[in-house]
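Let me begin by presenting the structure, written as structure tokens, before commenting on it.
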Amino acid sequence: MKHTLSILVQNQAGVLSRVAALFTRRGYNIESIAVGPTEDPRVARMTIVVEGDSREVEQITKHVHKLIEVLKVTDLTHEDMVDRELALIKVTADSHNRSEILQIVDIFRAKIVDVSEKSVIVEVTGDEGKIEAMIRLLRPHGIKELARTGRIALARGARPEPASRGVSATA
Amino acid sequence: MAAVDLAQQDERGRRPSGRRMKATQAFIESLLAEGVEVIFGYPGGAVLPIYDALYDAKIRHVLVRHEQGAAHMADGYARATGKPGVVLATSGPGATNLVTGLATAWMDSIPLVAFTGNVARSAIGTDAFQEADITGITLPITKHNFLVRRAEDLPRVIKEAFHIATTGRPGPVLVDLPKDVTTEEINFSYPETVDLPGYRPTIKGHVKQILEAARAIAAAKRPVLYIGGGVIASGAHKEVLALAEKASLPTTFTLMGIGGFPGDHPLSLGMLGMHGTVYANYAVNECDLLIAVGARFDDRVTGDLRRFAPHAKVIHIDIDPAEIGKNVQADIPIVGDAKAVLSVLVEKVREKREQEWLDTIEAWKREYPLTYEEKPGVIAPQRVIQEIYEVTRGEAICTADVGQHQMWLAQYYIFREPRRHISSGGLGSMGFGFPAAIGAALGRPDLQVWSITGDGGFQMTAQELATVRKYNLPVKIAIINNGYLGMVRQWQELLYQRRYSHSDLHDNPDFVKLAEAYGIPGFRCTRPEELRPLLEKAAAMDGPVLLDIHVDQEANVFPMIPAGQSVAEMIGKKGRLGT
């Protein structure tokens, strides 16, 4: 099954390649990866979606945790979490089908972010199922280009997962 | 040294602490602060500033003849002393020549700090002359690596490099130094602590788990203690002995664990695995409790994982949480340092003795002792190892290269103490043994050092004869010369219908003349009766000596469990085929 790993790392050059290379070397396929800074600028969060059974994912989690610049690894798969992905979809749209596309966009609470004579760009945010459904419905109209961010996720509720917890503690 | 330069202030207007000096001087000072006694290295363009500082530094530099030799020497030094080995190489080819050595140290968890020069920061990424992305290349074979982008980071990075290399599960760390970083001036003060929030190895084991382990040992009828290189790294050999004796645990060791338990102890089962003793493998196969300490269930130990230790409950003690559950599911996992965990476990375990189990093992030992065939007029390679053992009274440091002689050394030299047996276990790097012996000789001048090597592997780093000569190091080189890549030939004999494809080395050079060309005395030995006197003569000599010992060309390493199989498929149980 697919696992969502949330990895807090020191925000330094080269960390992304260390983490990505580790997945490759140990034979795991990254389905998606999204990286950005957290509330603490010294810390970045990587959200990685990886396919594997629980034992395999536990193994790769341990290996990732061994990397010196990795502060924390959480498998959010079985946690109560919010996960989102953003997609930009450029669709063929002219006077014949534009209104139909607008309807789909409306139903999905997506947005048109660019319009030209022959196409529109749709911005959609949601979980993977929603984005897949959107793509499925737009495909008959002709998808010219597609860009997806990959999944980002946070655990729900007050229990924080403070980015700086690892940084402030002493060895 | 110069006083603090008042003009140098940080952005908050504070006067920086430390002495003003060249970064290369700070490099030397940092190494001295780490207690480094010797660096193995080879100069080149990108490290000229560092070599200029080394010219009159209070630190010993050993000039090698190939950077691979430097890495293996530093590795041998580290294995023999327990202290981190230090390597220095230039950019590009100098750095890439370290790769095999770093991978060797990585696979066997050996603390090494390698410094490489690189092109100037402005030239990085331009395919400049002698540029290589060595941090990228060594990513999967180092515990960590650094590219130093600011000269003022250098002391902190060196501190962190040594800390990471030597703590937790040890391993090699590489520090890449762009040339222009080394030519700057910095305010030097060596940090006293490290701040690595993502790096906190677990040392103490979980007490509840340790109690659980003690209960499992109490309940076991057929327990086996299985120790690996982690016992050596941790210095846990005394605790291993105490545990084994208190609970009467038959104890087997991996290639890396040799010396972690006295090989001549009544509870010793010798080495296990592919070329382990029959009784060690039988014991593991029959045991109801397997206590793994600092061992990683390598495929050369387990063979077919599904049929390995099929009746055993498994206690797995390891400092690396990623090792637990990697190959074998542990019933009682304990993450922690072997010495720290065992010292508690020894307290909690109660004395016991499963006489029936010990009797069973004694019967196996009597029926299947390690043994080999001897042909009249021909030197058996196993005999060479046994006689070196006798001549050195089992007290020498012996390094192995890779192949048949490596297994014979593991089988027939009885090591009683840790850090005396030095062998490339994980990577199996031919060319390792001889330079490793040089490193060991520098680290332990009080011990006799033998490089037990093969005619194949010796030629992979034979250029280091010049290093041995230059520093007059008393390394005894014993080439177990069978004119073949012996282990390859053995597999070809057993698995490929004796089609000896490219494993014949009968066009070897005259090793005696080769030694003499380097100014080292060399002797050849072809007859059994010449062997003992020659070994005794070599042992008594002061400087380096090379012995070219011609042995039975078709001797095989037995017993043998073919790769991926189990104890049921073991062959050569009585030292020859058909047994």
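Numbering starts fresh at 1 for the residues of each chain in the structure tokens, the chains themselves are lettered A, B, ... in the order given, and ligands are numbered from 1 as they appear.
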
Check which residues of chain B sit at most 10 Å from chain A using only C-alpha atoms, and return one row each with the closest pair of atoms and their distance in Å to one decimal, ordered by chain and rising number, as CSV.
```
residue,atom,partner,partner_atom,distance
B:Thr135,CA,A:Gly14,CA,9.6
B:Gly136,CA,A:Ser17,CA,8.7
B:Leu139,CA,A:Arg18,CA,7.0
B:Pro140,CA,A:Leu22,CA,7.4
B:Lys143,CA,A:Leu67,CA,7.9
B:His144,CA,A:Ile68,CA,6.9
B:Asn145,CA,A:Ile68,CA,9.6
B:Phe146,CA,A:Gly14,CA,9.6
B:Leu147,CA,A:Gly14,CA,9.7
B:Ile164,CA,A:Ile68,CA,8.5
B:Thr193,CA,A:Ala171,CA,9.2
B:Val194,CA,A:Ala171,CA,8.0
B:Asp195,CA,A:Ala171,CA,6.9
B:Leu196,CA,A:Ala171,CA,7.0
B:Pro197,CA,A:Val167,CA,5.1
B:Gly198,CA,A:Leu71,CA,4.3
B:Tyr199,CA,A:Ile68,CA,5.3
B:Arg200,CA,A:Ala171,CA,6.3
B:Pro201,CA,A:Lys66,CA,8.9
B:Asp320,CA,A:Lys66,CA,8.4
B:Pro321,CA,A:Lys62,CA,6.6
B:Ala322,CA,A:Lys62,CA,5.1
B:Glu323,CA,A:Gln59,CA,8.5
B:Ile324,CA,A:Gln59,CA,8.7
B:Gly325,CA,A:Gln59,CA,7.7
B:Lys326,CA,A:Gln59,CA,6.7
B:Gln329,CA,A:Arg55,CA,9.9
```

From a DSSP calculation on the backbone, collect every residue of segment 9-159 of chain A in strand (DSSP E) and output the set as a VMD selection string.
-> chain A and resid 9 to 10 30 to 37 43 to 51 70 to 75 81 to 92 111 to 115 119 to 126 143 to 148 152 to 155

Segment 40-133 of chain A: residues DSSP assigns to alpha helix (DSSP H), reported as JSON, numbers by chain | {"A": [54, 55, 56, 57, 58, 59, 60, 61, 62, 63, 64, 65, 66, 98, 99, 100, 101, 102, 103, 104, 105, 106, 107, 128, 129, 130, 131, 132, 133]}

Output file for the residues above (C-alpha atoms, as a PDB file, in the first residue's frame):
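Result file is selection_18.pdb:
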```pdb
ATOM      1  CA  SER A  54       4.530  -2.033   6.599  1.00  0.00           C
ATOM      2  CA  ARG A  55       7.745  -3.956   7.185  1.00  0.00           C
ATOM      3  CA  GLU A  56       9.430  -2.496   4.130  1.00  0.00           C
ATOM      4  CA  VAL A  57       8.353   1.004   5.016  1.00  0.00           C
ATOM      5  CA  GLU A  58       9.542   0.554   8.591  1.00  0.00           C
ATOM      6  CA  GLN A  59      12.950  -0.441   7.213  1.00  0.00           C
ATOM      7  CA  ILE A  60      13.258   2.576   4.943  1.00  0.00           C
ATOM      8  CA  THR A  61      12.009   4.810   7.750  1.00  0.00           C
ATOM      9  CA  LYS A  62      14.818   3.582   9.994  1.00  0.00           C
ATOM     10  CA  HIS A  63      17.377   4.123   7.272  1.00  0.00           C
ATOM     11  CA  VAL A  64      16.140   7.652   6.597  1.00  0.00           C
ATOM     12  CA  HIS A  65      16.266   8.384  10.297  1.00  0.00           C
ATOM     13  CA  LYS A  66      19.942   7.417  10.361  1.00  0.00           C
ATOM     14  CA  ARG A  98     -15.767  26.035 -22.225  1.00  0.00           C
ATOM     15  CA  SER A  99     -19.005  26.136 -20.293  1.00  0.00           C
ATOM     16  CA  GLU A 100     -18.859  22.415 -19.632  1.00  0.00           C
ATOM     17  CA  ILE A 101     -15.331  22.768 -18.259  1.00  0.00           C
ATOM     18  CA  LEU A 102     -16.452  25.647 -16.089  1.00  0.00           C
ATOM     19  CA  GLN A 103     -19.159  23.424 -14.660  1.00  0.00           C
ATOM     20  CA  ILE A 104     -16.677  20.701 -13.752  1.00  0.00           C
ATOM     21  CA  VAL A 105     -14.382  23.300 -12.196  1.00  0.00           C
ATOM     22  CA  ASP A 106     -17.294  24.637 -10.198  1.00  0.00           C
ATOM     23  CA  ILE A 107     -18.371  21.243  -8.906  1.00  0.00           C
ATOM     24  CA  GLU A 128      -5.292  12.272  -4.556  1.00  0.00           C
ATOM     25  CA  GLY A 129      -8.777  10.858  -5.280  1.00  0.00           C
ATOM     26  CA  LYS A 130     -10.178  14.268  -6.045  1.00  0.00           C
ATOM     27  CA  ILE A 131      -7.342  15.167  -8.373  1.00  0.00           C
ATOM     28  CA  GLU A 132      -7.569  11.852 -10.175  1.00  0.00           C
ATOM     29  CA  ALA A 133     -11.314  12.348 -10.637  1.00  0.00           C
TER      30      ALA A 133
END
```

Contact residues around Tyr51 of chain B with only C-alpha atoms at 10 Å, ignoring same-chain residues under 6 positions, as a PyMOL selection string = chain B and resi 24+41-45+57+61+88

Could you save those same residues with all heavy atoms as an mmCIF file, in the first residue's frame?
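Produced file part.cif, reproduced below:
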```cif
data_model
loop_
_atom_site.group_PDB
_atom_site.id
_atom_site.type_symbol
_atom_site.label_atom_id
_atom_site.label_comp_id
_atom_site.auth_asym_id
_atom_site.auth_seq_id
_atom_site.Cartn_x
_atom_site.Cartn_y
_atom_site.Cartn_z
ATOM 1 N N THR B 24 44.750 26.176 6.622
ATOM 2 C CA THR B 24 45.544 24.935 6.626
ATOM 3 C C THR B 24 46.143 24.683 8.008
ATOM 4 O O THR B 24 46.229 23.541 8.458
ATOM 5 C CB THR B 24 46.678 25.015 5.595
ATOM 6 O OG1 THR B 24 47.384 26.240 5.782
ATOM 7 C CG2 THR B 24 46.128 24.952 4.179
ATOM 8 N N GLY B 41 48.458 9.548 3.232
ATOM 9 C CA GLY B 41 48.037 10.415 2.146
ATOM 10 C C GLY B 41 48.973 10.456 0.954
ATOM 11 O O GLY B 41 50.008 9.769 0.899
ATOM 12 N N TYR B 42 48.537 11.268 0.012
ATOM 13 C CA TYR B 42 49.250 11.399 -1.258
ATOM 14 C C TYR B 42 48.940 12.796 -1.790
ATOM 15 O O TYR B 42 47.779 13.163 -1.917
ATOM 16 C CB TYR B 42 48.734 10.344 -2.234
ATOM 17 C CG TYR B 42 49.665 10.013 -3.365
ATOM 18 C CD1 TYR B 42 50.666 9.060 -3.204
ATOM 19 C CD2 TYR B 42 49.535 10.642 -4.599
ATOM 20 C CE1 TYR B 42 51.512 8.738 -4.260
ATOM 21 C CE2 TYR B 42 50.392 10.326 -5.653
ATOM 22 C CZ TYR B 42 51.380 9.380 -5.473
ATOM 23 O OH TYR B 42 52.218 9.058 -6.504
ATOM 24 N N PRO B 43 49.990 13.585 -2.097
ATOM 25 C CA PRO B 43 49.720 14.982 -2.476
ATOM 26 C C PRO B 43 49.237 15.143 -3.914
ATOM 27 O O PRO B 43 49.246 14.211 -4.700
ATOM 28 C CB PRO B 43 51.081 15.653 -2.284
ATOM 29 C CG PRO B 43 52.074 14.564 -2.422
ATOM 30 C CD PRO B 43 51.413 13.291 -2.009
ATOM 31 N N GLY B 44 48.798 16.342 -4.208
ATOM 32 C CA GLY B 44 48.338 16.692 -5.547
ATOM 33 C C GLY B 44 47.940 18.155 -5.539
ATOM 34 O O GLY B 44 47.929 18.805 -4.480
ATOM 35 N N GLY B 45 47.601 18.665 -6.708
ATOM 36 C CA GLY B 45 47.382 20.100 -6.879
ATOM 37 C C GLY B 45 46.452 20.732 -5.871
ATOM 38 O O GLY B 45 46.774 21.745 -5.246
ATOM 39 N N ALA B 57 54.632 20.235 10.236
ATOM 40 C CA ALA B 57 53.617 20.028 11.282
ATOM 41 C C ALA B 57 54.053 18.920 12.234
ATOM 42 O O ALA B 57 54.804 18.029 11.868
ATOM 43 C CB ALA B 57 52.279 19.679 10.644
ATOM 44 N N HIS B 61 52.948 12.043 8.726
ATOM 45 C CA HIS B 61 52.289 11.766 7.463
ATOM 46 C C HIS B 61 52.984 10.591 6.804
ATOM 47 O O HIS B 61 54.206 10.575 6.666
ATOM 48 C CB HIS B 61 52.347 12.995 6.541
ATOM 49 C CG HIS B 61 51.744 12.732 5.183
ATOM 50 N ND1 HIS B 61 52.462 12.162 4.151
ATOM 51 C CD2 HIS B 61 50.499 12.915 4.704
ATOM 52 C CE1 HIS B 61 51.679 12.017 3.097
ATOM 53 N NE2 HIS B 61 50.479 12.473 3.401
ATOM 54 N N LEU B 88 44.258 11.467 3.512
ATOM 55 C CA LEU B 88 44.285 12.738 2.800
ATOM 56 C C LEU B 88 44.614 12.466 1.332
ATOM 57 O O LEU B 88 45.588 11.783 1.026
ATOM 58 C CB LEU B 88 45.359 13.640 3.437
ATOM 59 C CG LEU B 88 45.647 14.991 2.783
ATOM 60 C CD1 LEU B 88 44.399 15.852 2.705
ATOM 61 C CD2 LEU B 88 46.733 15.718 3.582
#
```

Counting only C-alpha atoms, which of B:Phe511, B:Tyr471, B:Tyr368, B:Tyr484 gets nearest to Gly439 of chain B?
->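 Ranking B:Phe511, B:Tyr471, B:Tyr368, B:Tyr484 by distance to Gly439 of chain B, first place goes to B:Tyr471.
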
Residues at most 12 Å from Gly157 of chain A, counting only C-alpha atoms, excluding those fewer than 4 positions away in the same chain, as a list of chain:residue names?
->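 Here the answer would be A:Glu79, A:Asp80, A:Met81, A:Val82, A:Glu161.
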
Find the residues around Asp127 of chain A up to 12 Å (only C-alpha atoms counted), leave out those fewer than 3 positions away in its own chain, and share them as a list of chain:residue names.
->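 Residues near the query, excluding close chain neighbours: A:Met81, A:Val82, A:Asp83, A:Arg84, A:Glu85, A:Leu86, A:Ala87, A:Phe108, A:Val124, A:Lys130, A:Ile131, A:Glu132, A:Ala133, A:Met134, A:Arg148, A:Thr149, A:Gly150, A:Arg151, A:Ile152, A:Ala153.
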